[in-house]
Every structure is written in structure tokens, then in C-alpha cells.
Amino acid sequence: MASGEASGLYTRSPREPEPRTPRQDKYSVLLPTYNERENLPLIVWLLVKSFSESGFNYEIIIIDDGSPDGTRDVAEQLEKIYGSDKILLRPREQKLGLGTAYIHGVKHATGNYVIIMDADLSHHPKFIPEFIRKQKEGNFDIVSGTRYKGNGGVYGWDLKRKIISRGANFITQILLRPGASDLTGSFRLYRKEVLQKLIEKCVSKGYVFQMEMIVRARQLNYTVGEVPISFVDRVYGESKLGGNEIVSFLKGLLTLFATT
């Protein structure tokens with residue numbers, strides 16, 4: 001177990017229950033959505049298929065931020081189809097940012113592990129069993145999907161997007177030396193208590209939030225494992241990465257460099 005014990009996360013009183021065995025583990029998938037009406041039914045179907053075939057206990061928490069395209073209506077139908085024990089719709093009235101979406105989702109998570117991923121089909125659920133295996137093998141606090149290691153890769157991006165992503169990771173590696181190869185990715189598995197602690201520590205929003213999570217994890221001596229993934233650009237809808245996000249990323253990077 002990680003030396004996060006110093007923060008008091010891993011100390012148990014005699015009254016507390018023993019840690020769960022692998023058979024008792026439960027995985028809460030957090031799916032923040034904004035205008036994902038077309039993608040949501042597909043990603044939920046793939047998630048249910050993957051978990052059903054692998055036999056892991058799970059729940060899918062959909063955090064919709066007031067999507068004007070009717071994403072919430074679709075989520076309500078999915079809740080009826082798959083059951084409210086497996087699909088939990090926990091909407092918010094407006095778009096409040098990725099970090100606060102995770103805070104909101106974790107409050108409703110009943111699993112002892114939390115998986116974060118995008119709802120736009122860029123992250124394939126077929127990798128989740130690999131994340132779980134990796135976590136068990138190394139007893140990692142975090143398992144992060146990486147596009148830049150082993151047989152990982154990116155498909156469907158134009159040269160500009162590839163340069164932005166590669167450049168962001170390259171600059172971050174030089175300045176912060178975070179000990180992970182893919183800092184801006186958002187496909188990860190966390191111990192629930194570790195995710196809660198990191199969210200408390202993080203101050204960033206938007207594109208830089210995922211990077212700060214890994215940097216703060218290193219600060220707190222949490223262990224990070226990596227699994228190569230194939231990232232596929234969204235089929236439906238528009239990318240939410242724009243010029244403002246790039247500027248925010250650079251500002252956030254400099255802030256982290258100055259404060260860590």
C-alpha cells in the first residue's frame with residue numbers, strides 16, 4: 001500500500017471493517033456529460049457488456065451538467081433499461097467544470113474503486129479489466145491509461161491536436177517530472193479514498209485538472225501504474241478543447257511549477 005498512510009487515509013480503528021477482498025470490490029464509473037446524447041447509449045452499453053463479461057461488481061454514475069441537447073432524457077431512459085442500481089443519474093443544473101463533476105459523483109459512489117472516463121467513446125471500456133488487473137498486480141493507488149507508452153496510441157486526431165497533446169505532456173515532463181507518461185489523459189482508476197484526497201488538494205479546472213491530479217499524487221507518495229490504451233477521437237459531437245483551454249493549461253502548468 002502507498003505511503004499515503006502519513007495523511008491518515010490508511011489507518012483503521014479496531015471497529016472499522018477489514019479491507020474488502022477482490023471478490024467484494026465494487027467499481028463506480030463516473031461519466032460527466034455535456035451534450036452527449038448520441039454517445040451516451042453506446043458508452044453505457046459497452047460498459048455494461050464489459051463488466052458483465054468480466055464479472056466485476058459495478059455502477060455507472062452519470063453527471064449531466066444541464067445539457068441542452070437532451071442528454072439527461074437519454075440518461076433517464078438508460079436508468080429504466082438497466083436498473084437504478086446500475087445506472088445512477090445525478091445531474092446538475094449547469095456546466096460547472098470537470099473537477100466539481102468528480103466531487104459530485106464521488107459523493108454518490110458506493111464502490112471502493114472509482115473509474116473516471118470520457119462519455120464520448122474516446123475511451124473504450126474494454127481496457128477496464130486491464131486497469132483492474134494492473135491495480136491488483138502492483139497494489140497501485142492509481143492506474144492511468146496512457147497513449148504514449150507501449151502499444152498505446154491516438155486515432156482520428158489531426159496534426160494540430162497531436163502536437164498540442166504531445167507538447168503539453170513534453171513540457172510537463174520537463175518542468176514537473178511527474179513519474180507518469182500521459183498527464184492530460186482522463187481515463188483512470190483510483191482507490192476511492194485516494195481520489196477524494198486528491199480532489200481536496202487540486203485547485204485547477206478544465207484541461208489542466210487531470211495533470212494536477214497526477215502531480216499531487218506524486219507529492220502525497222501515491223503509487224501510479226499505467227496501462228497502454230488506444231484513444232479514438234469522438235464520433236458524434238464537437239471537441240471541447242479550444243484556445244481558452246490551451247491558455248488555461250499553460251497558466252495552470254506554470255502555477256504548478258511554482259507551487260510544487
# chains A, B, ... in the order shown; residues from 1 in each chain; ligands from 1

call {"tool": "select_by_dssp", "arguments": {"residues": "stretch 49-238 of chain A", "states": "strand (DSSP E or B)", "output": "VMD selection string"}}
result
chain A and resid 57 to 65 87 to 89 92 113 to 116 142 to 146 153 to 155 188 to 191 224 to 228 230 to 232

call {"tool": "residues_around", "arguments": {"residues": "A:Tyr190", "least_positions_apart": "2", "cutoff": "8 Å", "atoms": "only C-alpha atoms", "output": "number ranges by chain"}}
result
A: 113-115, 141-143, 188, 192, 194-195

call {"tool": "closest_atom_pairs", "arguments": {"of": "stretch 96-150 of chain A", "to": "stretch 36-45 of chain A", "cutoff": "10 Å", "atoms": "only C-alpha atoms", "output": "tab-separated table"}}
result
residue	atom	partner	partner_atom	distance
A:Asp118	CA	A:Ile43	CA	9.1
A:Ala119	CA	A:Leu40	CA	6.2
A:Asp120	CA	A:Asn39	CA	5.5
A:Leu121	CA	A:Ile43	CA	6.0
A:Ser122	CA	A:Ile43	CA	9.5
A:His123	CA	A:Ile43	CA	8.8
A:His124	CA	A:Ile43	CA	7.9
A:Pro125	CA	A:Ile43	CA	7.8

call {"tool": "write_last_selection", "arguments": {"atoms": "C-alpha atoms", "output": "short mmCIF file (atom, residue, chain, number, x, y, z; two decimals), in the first residue's frame"}}
result
data_model
loop_
_atom_site.label_atom_id
_atom_site.label_comp_id
_atom_site.auth_asym_id
_atom_site.auth_seq_id
_atom_site.Cartn_x
_atom_site.Cartn_y
_atom_site.Cartn_z
CA ASP A 118 -15.00 10.35 -21.08
CA ALA A 119 -18.51 9.63 -22.34
CA ASP A 120 -17.70 10.45 -25.98
CA LEU A 121 -16.42 6.95 -26.92
CA SER A 122 -12.78 8.07 -27.00
CA HIS A 123 -12.11 5.67 -24.10
CA HIS A 124 -13.11 2.06 -24.75
CA PRO A 125 -14.39 0.10 -21.73
#

call {"tool": "atom_distance", "arguments": {"atom1": "atom CA of A:Gly97", "atom2": "atom CA of A:Leu159"}}
result
27.0 Å

call {"tool": "closest_residue", "arguments": {"among": "A:Met213, A:Leu89, A:Leu96, A:Ile128", "to": "A:Asp65", "atoms": "only C-alpha atoms"}}
result
A:Leu96

call {"tool": "atom_distance", "arguments": {"atom1": "atom CA of A:Arg92", "atom2": "atom CA of A:Lys80"}}
result
19.4 Å

call {"tool": "closest_residue", "arguments": {"among": "A:Ile116, A:Lys86, A:Glu76, A:Asn57", "to": "A:Pro32", "atoms": "only C-alpha atoms"}}
result
A:Ile116
